[in-house]
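Engineer: So here's final13.txt (compact mmCIF, C-alpha atoms).
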```txt
# COMPACT_ATOMS: atom_id res chain seq x y z
CA MET A 1 14.03 -2.25 30.79
CA ASP A 2 15.60 0.64 28.85
CA GLU A 3 16.04 2.55 32.11
CA ALA A 4 17.69 -0.36 33.92
CA SER A 5 21.24 0.18 35.14
CA ASP A 6 24.12 -1.67 33.56
CA GLU A 7 24.51 -3.80 36.67
CA ASP A 8 20.83 -4.76 36.65
CA LEU A 9 21.12 -5.74 33.01
CA VAL A 10 24.22 -7.84 33.67
CA ARG A 11 22.39 -9.66 36.45
CA ARG A 12 19.61 -10.47 34.00
CA VAL A 13 22.13 -11.48 31.35
CA ALA A 14 23.64 -13.83 33.93
CA GLN A 15 20.25 -15.56 34.06
CA GLY A 16 20.30 -16.03 30.30
CA ASP A 17 18.11 -13.03 29.47
CA GLU A 18 18.87 -12.40 25.77
CA PRO A 19 16.83 -9.16 25.39
CA ALA A 20 18.77 -7.71 28.34
CA PHE A 21 22.01 -8.67 26.63
CA ARG A 22 20.98 -7.04 23.36
CA LEU A 23 20.05 -3.84 25.20
CA LEU A 24 23.42 -3.79 26.94
CA ALA A 25 25.15 -4.40 23.63
CA ARG A 26 23.24 -1.53 21.98
CA ARG A 27 24.29 0.78 24.80
CA TYR A 28 27.98 0.11 24.40
CA ALA A 29 28.58 -0.98 20.81
CA ARG A 30 29.19 2.50 19.36
CA ARG A 31 31.48 3.73 22.13
CA ALA A 32 33.39 0.47 22.13
CA ILE A 33 33.90 0.54 18.35
CA SER A 34 35.14 4.14 18.54
CA LEU A 35 37.56 3.18 21.29
CA ALA A 36 38.77 0.07 19.50
CA ARG A 37 39.13 2.00 16.27
CA ARG A 38 41.36 4.60 17.95
CA ILE A 39 43.55 1.94 19.52
CA THR A 40 43.90 -0.47 16.61
CA GLY A 41 43.69 2.08 13.80
CA ASN A 42 41.67 -0.42 11.79
CA ASP A 43 37.92 -0.54 11.16
CA ALA A 44 37.68 -4.28 10.55
CA ASP A 45 39.70 -5.11 13.66
CA ALA A 46 37.60 -2.75 15.75
CA GLU A 47 34.38 -4.50 14.72
CA GLU A 48 35.81 -7.96 15.34
CA ILE A 49 37.15 -6.95 18.73
CA VAL A 50 33.88 -5.43 19.90
CA GLN A 51 31.93 -8.46 18.68
CA GLU A 52 34.33 -10.73 20.58
CA ALA A 53 34.12 -8.55 23.70
CA LEU A 54 30.31 -8.58 23.68
CA LEU A 55 30.22 -12.35 23.26
CA ARG A 56 32.57 -12.66 26.22
CA VAL A 57 30.14 -10.56 28.24
CA TRP A 58 27.36 -13.02 27.37
CA VAL A 59 29.42 -16.14 28.09
CA ASN A 60 30.95 -14.90 31.35
CA ALA A 61 28.06 -12.90 32.80
CA PRO A 62 27.10 -15.69 35.24
CA ARG A 63 30.57 -15.41 36.75
CA TRP A 64 30.82 -11.63 36.78
CA ARG A 65 31.23 -10.08 40.21
CA PRO A 66 30.32 -6.41 40.72
CA VAL A 67 33.68 -5.34 42.13
CA ALA A 68 33.85 -2.60 39.51
CA ALA A 69 31.38 -0.86 37.22
CA PHE A 70 30.31 -2.86 34.19
CA ARG A 71 31.69 -0.15 31.90
CA THR A 72 35.13 -0.55 33.49
CA TRP A 73 35.05 -4.32 33.05
CA PHE A 74 33.80 -4.14 29.47
CA TYR A 75 36.30 -1.47 28.38
CA ARG A 76 39.06 -3.54 29.96
CA VAL A 77 38.05 -6.52 27.85
CA VAL A 78 37.95 -4.36 24.71
CA LEU A 79 41.29 -2.74 25.46
CA ASN A 80 43.00 -6.03 26.25
CA LEU A 81 41.79 -7.43 22.95
CA CYS A 82 43.04 -4.30 21.16
CA LEU A 83 46.45 -4.30 22.82
CA SER A 84 47.00 -8.01 22.33
CA ARG A 85 46.07 -7.76 18.67
CA GLY A 86 48.52 -4.95 18.07
CA ARG A 87 48.27 -2.65 15.13
CA ARG A 88 48.23 -3.55 11.50
CA ALA A 89 49.08 -1.12 8.71
CA PRO A 90 49.13 2.44 9.98
CA PHE A 91 46.36 4.64 8.85
CA LEU A 92 45.53 8.30 8.88
CA PRO A 93 41.93 8.71 9.98
CA LEU A 94 39.92 11.16 7.97
CA PRO A 95 37.85 13.81 9.71
CA ALA A 96 34.17 13.03 10.04
CA ALA A 97 31.75 14.40 7.48
CA GLY A 98 30.36 16.55 10.26
CA ASP A 99 27.22 18.59 10.20
CA PRO A 100 25.43 19.44 6.98
CA ILE A 101 27.17 22.24 5.17
CA ASP A 102 26.00 25.57 6.43
CA ALA A 103 25.98 28.05 3.60
CA ALA A 104 26.88 30.79 6.05
CA ALA A 105 29.90 28.95 7.48
CA ASP A 106 33.32 30.45 6.89
CA LEU A 107 35.09 28.07 4.51
CA GLU A 108 38.48 29.06 5.84
CA ASN A 109 37.46 28.20 9.41
CA ARG A 110 36.08 24.88 8.28
CA LEU A 111 39.26 23.95 6.47
CA HIS A 112 41.28 24.99 9.49
CA ASP A 113 39.18 22.79 11.80
CA GLU A 114 39.56 19.82 9.46
CA GLU A 115 43.31 20.27 9.35
CA VAL A 116 43.49 20.43 13.16
CA ALA A 117 41.40 17.27 13.39
CA ARG A 118 43.64 15.44 10.94
CA LEU A 119 46.83 16.49 12.71
CA VAL A 120 45.50 15.61 16.18
CA ALA A 121 44.24 12.22 15.04
CA ALA A 122 47.57 11.46 13.37
CA ALA A 123 49.56 12.56 16.43
CA VAL A 124 47.45 10.42 18.76
CA ALA A 125 47.63 7.46 16.36
CA ALA A 126 51.44 7.69 16.41
CA LEU A 127 51.68 7.34 20.21
CA PRO A 128 52.72 4.01 21.77
CA ASP A 129 49.70 1.79 22.44
CA ARG A 130 49.26 2.35 26.17
CA GLN A 131 49.90 6.09 25.94
CA ARG A 132 47.33 6.29 23.15
CA ALA A 133 44.87 4.31 25.25
CA ALA A 134 45.35 6.67 28.21
CA ILE A 135 44.83 9.74 26.01
CA VAL A 136 41.72 8.33 24.32
CA LEU A 137 40.15 7.18 27.60
CA THR A 138 40.85 10.59 29.18
CA TYR A 139 39.95 12.95 26.34
CA GLU A 140 37.44 11.05 24.25
CA GLU A 141 35.72 8.94 26.89
CA GLY A 142 36.10 11.57 29.64
CA LEU A 143 37.21 9.03 32.24
CA SER A 144 39.06 9.84 35.43
CA ASN A 145 42.61 8.62 36.02
CA ALA A 146 41.23 6.17 38.58
CA GLU A 147 38.84 4.53 36.14
CA THR A 148 41.45 4.58 33.38
CA ALA A 149 43.79 2.76 35.76
CA GLN A 150 41.17 0.08 36.40
CA ILE A 151 40.58 -0.37 32.69
CA LEU A 152 44.29 -0.60 31.93
CA ASP A 153 44.71 -2.84 34.97
CA THR A 154 47.45 -0.67 36.38
CA SER A 155 48.01 1.93 39.09
CA ILE A 156 46.88 5.53 39.01
CA SER A 157 50.50 6.68 39.13
CA SER A 158 51.22 4.57 36.04
CA VAL A 159 48.33 6.22 34.22
CA GLU A 160 49.67 9.63 35.25
CA ALA A 161 53.10 8.68 33.91
CA LEU A 162 51.53 7.57 30.62
CA LEU A 163 49.66 10.88 30.35
CA VAL A 164 52.76 12.94 31.14
CA ARG A 165 54.77 11.20 28.42
CA ALA A 166 51.93 11.32 25.92
CA LYS A 167 51.22 15.00 26.47
CA ARG A 168 54.87 15.93 26.10
CA THR A 169 54.89 14.23 22.72
CA LEU A 170 51.60 15.81 21.71
CA ARG A 171 52.78 19.22 22.90
CA ASP A 172 55.85 18.93 20.68
CA LYS A 173 53.75 17.96 17.67
CA LEU A 174 50.69 20.11 18.22
CA GLY A 175 52.03 23.04 20.21
CA SER A 176 51.85 25.37 17.23
CA LEU A 177 48.16 24.56 16.87
CA ALA A 178 47.51 26.03 20.28
CA GLY A 179 48.13 29.38 18.73
CA LEU A 180 46.34 28.53 15.46
CA THR A 181 43.11 27.37 17.06
CA GLU A 182 41.92 30.94 17.15
CA LYS A 183 39.73 31.54 14.14
CA PRO A 184 40.54 34.64 12.05
CA ASP A 185 37.50 36.54 13.22
CA GLU A 186 38.06 35.84 16.94
CA THR A 187 39.50 38.44 19.22
CA ARG A 188 41.32 37.88 22.51
CA MET B 1 55.90 23.44 44.66
CA LYS B 2 58.40 24.03 41.87
CA LEU B 3 57.52 24.86 38.30
CA ALA B 4 58.75 21.53 36.89
CA GLU B 5 56.67 19.58 39.40
CA PHE B 6 53.67 21.78 38.63
CA ARG B 7 54.05 21.09 34.90
CA ASP B 8 54.15 17.32 35.51
CA ILE B 9 51.08 17.44 37.71
CA VAL B 10 49.20 19.50 35.12
CA ASP B 11 50.06 16.92 32.48
CA ALA B 12 49.15 14.03 34.77
CA ARG B 13 45.91 15.40 36.22
CA GLY B 14 44.70 17.93 33.69
CA ALA B 15 44.49 21.71 33.70
CA ASP B 16 41.35 21.92 35.83
CA LEU B 17 42.69 22.56 39.33
CA SER B 18 39.26 22.02 40.89
CA THR B 19 39.73 18.28 40.26
CA TRP B 20 43.06 18.16 42.10
CA PRO B 21 43.27 17.00 45.72
CA ASP B 22 43.82 19.74 48.30
CA HIS B 23 47.41 18.80 49.04
CA LEU B 24 48.29 19.57 45.40
CA ARG B 25 45.83 22.32 44.59
CA VAL B 26 46.75 24.62 47.48
CA PRO B 27 50.50 24.81 46.72
CA ALA B 28 49.69 25.03 43.01
CA GLU B 29 47.47 28.05 43.59
CA SER B 30 50.24 29.68 45.63
CA LEU B 31 52.68 29.05 42.80
CA LEU B 32 50.25 30.47 40.24
CA ALA B 33 49.82 33.60 42.34
CA ALA B 34 53.59 34.10 42.58
CA GLU B 35 54.99 32.88 39.26
CA PRO B 36 54.04 34.23 35.83
CA ALA B 37 55.78 31.20 34.30
CA ALA B 38 53.36 28.90 36.12
CA ARG B 39 50.40 30.85 34.79
CA ALA B 40 51.81 30.62 31.28
CA CYS B 41 52.31 26.87 31.77
CA LEU B 42 48.70 26.43 32.87
CA ASP B 43 47.42 28.50 29.99
CA GLU B 44 49.47 26.43 27.54
CA ALA B 45 48.16 23.21 29.09
CA ARG B 46 44.56 24.39 28.70
CA ARG B 47 45.17 25.23 25.06
CA ILE B 48 46.72 21.83 24.34
CA ASP B 49 43.88 20.06 26.20
CA ASP B 50 41.41 22.02 24.07
CA VAL B 51 43.23 21.14 20.85
CA ILE B 52 43.37 17.43 21.72
CA ALA B 53 39.74 17.22 22.83
CA ARG B 54 38.38 19.13 19.84
CA GLY B 55 40.64 17.33 17.41
CA LEU B 56 39.57 13.91 18.65
CA GLN B 57 35.92 14.91 18.57
CA ALA B 58 36.17 16.33 15.07
CA SER B 59 38.07 13.32 13.76
CA ALA B 60 35.66 10.76 15.14
CA VAL B 61 34.28 8.64 12.33
CA PRO B 62 30.57 7.75 12.49
CA VAL B 63 30.28 4.19 13.72
CA ASP B 64 26.53 3.66 13.45
CA LEU B 65 26.85 1.28 10.51
CA ALA B 66 29.68 -0.63 12.16
CA ALA B 67 27.69 -0.92 15.38
CA ALA B 68 24.66 -2.16 13.43
CA ARG B 69 26.77 -4.85 11.78
CA VAL B 70 28.17 -6.01 15.13
CA LEU B 71 24.74 -6.08 16.76
CA ALA B 72 23.32 -8.05 13.83
CA ARG B 73 26.08 -10.63 14.11
CA ILE B 74 25.68 -11.18 17.85
CA ALA B 75 21.90 -11.39 17.47
CA ARG B 76 22.35 -14.79 15.87
CA GLU B 77 22.54 -17.87 18.06
CA LEU B 78 24.48 -17.05 21.20
CA PRO B 79 27.02 -19.51 22.62
CA ARG B 80 26.46 -21.31 25.90
CA GLN B 81 27.07 -19.31 29.03
CA ARG B 82 29.79 -20.37 31.44
CA ARG B 83 28.25 -21.20 34.78
CA PHE B 84 29.61 -22.55 38.01
CA ALA B 85 29.13 -26.32 38.38
CA VAL B 86 27.69 -25.72 41.85
CA PRO B 87 25.43 -22.71 42.37
CA TRP B 88 27.25 -20.56 44.89
CA PRO B 89 25.38 -18.37 47.34
CA ALA B 90 25.29 -14.78 46.15
CA ALA B 91 27.20 -13.62 49.22
CA LEU B 92 30.19 -15.76 48.25
CA LEU B 93 30.10 -14.53 44.68
CA ASP B 94 30.34 -10.98 45.99
CA VAL B 95 33.59 -11.72 47.79
CA ASP B 96 36.48 -10.30 45.90
CA LEU B 97 39.04 -13.06 45.70
CA ALA B 98 41.35 -11.13 43.39
CA PRO B 99 44.75 -10.52 44.96
CA SER B 100 45.14 -7.13 46.55
CA ARG B 101 48.32 -5.46 47.65
CA TRP B 102 47.19 -5.20 51.26
CA ARG B 103 46.15 -8.84 51.53
CA LEU B 104 49.38 -10.01 49.97
CA ALA B 105 51.40 -7.72 52.21
CA GLY B 106 49.60 -9.09 55.28
CA LEU B 107 50.20 -12.66 54.18
CA ALA B 108 53.88 -11.96 53.55
CA ALA B 109 54.27 -10.30 56.96
CA VAL B 110 52.65 -13.23 58.77
CA ALA B 111 54.81 -15.71 56.84
CA ALA B 112 57.96 -13.76 57.72
CA LEU B 113 56.95 -13.63 61.37
CA GLY B 114 56.37 -17.37 61.38
CA ILE B 115 59.80 -18.03 59.89
CA VAL B 116 61.51 -15.74 62.39
CA LEU B 117 59.71 -17.30 65.33
CA GLY B 118 60.48 -20.75 64.04
CA LEU B 119 64.18 -20.04 63.67
CA PHE B 120 64.84 -17.77 66.60
CA GLY B 121 61.89 -18.07 68.87
CA PRO B 122 61.92 -19.66 72.33
CA ASP B 123 62.32 -23.44 72.43
CA ILE B 124 59.19 -24.44 74.25
CA GLY B 125 59.47 -28.16 73.57
CA SER B 126 61.46 -29.05 76.68
CA ARG B 127 62.39 -27.31 79.89
CA ASP B 128 65.06 -29.74 80.96
CA GLY B 129 67.29 -29.68 77.92
CA PRO B 130 67.88 -32.64 75.73
CA MET B 131 66.56 -35.87 77.10
CA VAL B 132 69.10 -38.38 78.18
CA ILE B 133 68.34 -42.01 78.50
CA ALA B 134 70.08 -43.27 81.51
CA SER B 135 71.98 -46.40 80.84
CA ALA B 136 70.71 -49.46 82.57
CA SER B 137 72.88 -51.15 85.09
CA ALA B 138 74.92 -54.09 83.99
CA GLU B 139 72.70 -56.34 86.03
CA SER B 140 69.63 -55.30 84.08
CA GLY B 141 68.53 -57.38 81.21
CA LEU B 142 68.42 -54.17 79.27
CA ALA B 143 72.12 -53.52 79.61
CA ALA B 144 72.83 -54.73 76.15
CA VAL B 145 70.40 -52.19 74.84
CA PHE B 146 71.36 -49.15 76.86
CA GLU B 147 75.09 -49.60 77.45
CA PRO B 148 77.30 -47.35 75.35
CA GLU B 149 77.81 -48.57 71.92
CA PRO B 150 81.12 -50.48 71.98
CA LEU B 151 82.84 -48.71 69.14
CA THR B 152 81.86 -45.12 69.62
CA GLY B 153 80.90 -44.96 73.25
CA VAL B 154 77.77 -43.08 72.32
CA ARG B 155 75.04 -43.39 74.83
CA PRO B 156 71.54 -43.62 73.43
```
So, in terms of structure tokens, how does the structure I just supplied come out?

Structural biologist:
Amino acid sequence: MDEASDEDLVRRVAQGDEPAFRLLARRYARRAISLARRITGNDADAEEIVQEALLRVWVNAPRWRPVAAFRTWFYRVVLNLCLSRGRRAPFLPLPAAGDPIDAAADLENRLHDEEVARLVAAAVAALPDRQRAAIVLTYEEGLSNAETAQILDTSISSVEALLVRAKRTLRDKLGSLAGLTEKPDETR
Amino acid sequence: MKLAEFRDIVDARGADLSTWPDHLRVPAESLLAAEPAARACLDEARRIDDVIARGLQASAVPVDLAAARVLARIARELPRQRRFAVPWPAALLDVDLAPSRWRLAGLAAVAALGIVLGLFGPDIGSRDGPMVIASASAESGLAAVFEPEPLTGVRP
């Protein structure tokens, strides 16, 4: 069953197959929490939202129609819950702990990378909700504009407009980093 | 294609021209060949894309524990599923009943055509014009019914 497609699993879930539902949930829980965390800026909200979204999958699976990929439907549910909840206190996400410390790593490069990560995360977190969603779905989830449009329940041209506005803001805030991303020991 | 338009398209569609449709990629490639400013714009866009992608990746917080908590919570008793009262054939369930622009446009066009035909279309109800009830002769017992109304002279 681990190799079954999402759509096959949803069909089984529609029949009340609980193991199929748990497998589907395991497949998407991490990505969904990351997405929700980026949009809401809050760990507790992200967990609640993903739990609610997964339960909605279980409850509504018998009525689900395969007019779009399951991922699109599920991300739309997660995003709608995020956007309707709004954001609570702003937060500045910390960079991940990352790989185990390599004794040979250049400390200066590592500090530089962490600073870039902090600045990028803060700049994205400061965007308006739908612009932030478009950026996260494009850059972190790697989705096309077409799929992003389906998830945001809007047109492709609206997604493009969101990306244009978001990137202009990010370019203003992060443009200097484009020149600082080169590590000291790199050559052109 | 002008530089400003090229910049917008790069922001909207990304800096990888291979993903652009032909009608945008071809003029963009011509512009890149002719304009150093366009090449600088594309290079800048690629750098910003790289910064954003790497920054988001590096700032991602591990969510394994959070995912485990969520999965543990939903593993408890699940609520009842929402089913149709009548089991519909699978073919009907596959029909997309969600509104679509084309279906709505078609419906609106047909409705407009119906209104226009109703208001301005040919009157096919009668060929002979309005029906007139001939008045009965005075000798007929129906005279009282069909003679002009005394006050207004209106014939039925």

Engineer: Counting all atoms listed in the file, which residues from chain A have an atom at most 8 Å from any atom of chain B, and could you show them as a ChimeraX atom specification?

Structural biologist: /A:16,22,25-26,29-30,33-34,47-48,50-51,54-55,58-63,65-67,93-98,113-114,116-121,139-140,145,159-161,163-164,167,171,174-175,177-178,181

Engineer: Could you tell me how far atom CA of A:Leu137 lies from atom CA of A:Leu152, in Å and to one decimal?

Structural biologist: 9.8 Å

Engineer: Do you have the atom CA of A:Ala53-atom CA of A:Ala134 distance handy?

Structural biologist: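 Between atom CA of A:Ala53 and atom CA of A:Ala134 the gap is 19.4 Å.
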
Engineer: Report, in Å with one decimal, the straight-line distance from atom CA of A:Leu162 to atom CA of A:Gln131.

Structural biologist: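 It comes out at 5.2 Å.
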
Engineer: Set the distance at 12 Å and use all atoms listed in the file: which residues neighbour A:Leu24 once local chain neighbours fewer than 4 positions away are removed? I'd like the list as a ChimeraX atom specification.

Structural biologist: /A:1-13,17-20,28-30,32,54-55,57-58,61,70-71,74 /B:71,74

Engineer: With distances taken over only C-alpha atoms, which of A:Ile135, A:Leu79, A:Ile151, A:Ala69 is nearest to A:Glu52?

Structural biologist: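 Among the listed residues, A:Leu79 lies closest to A:Glu52.
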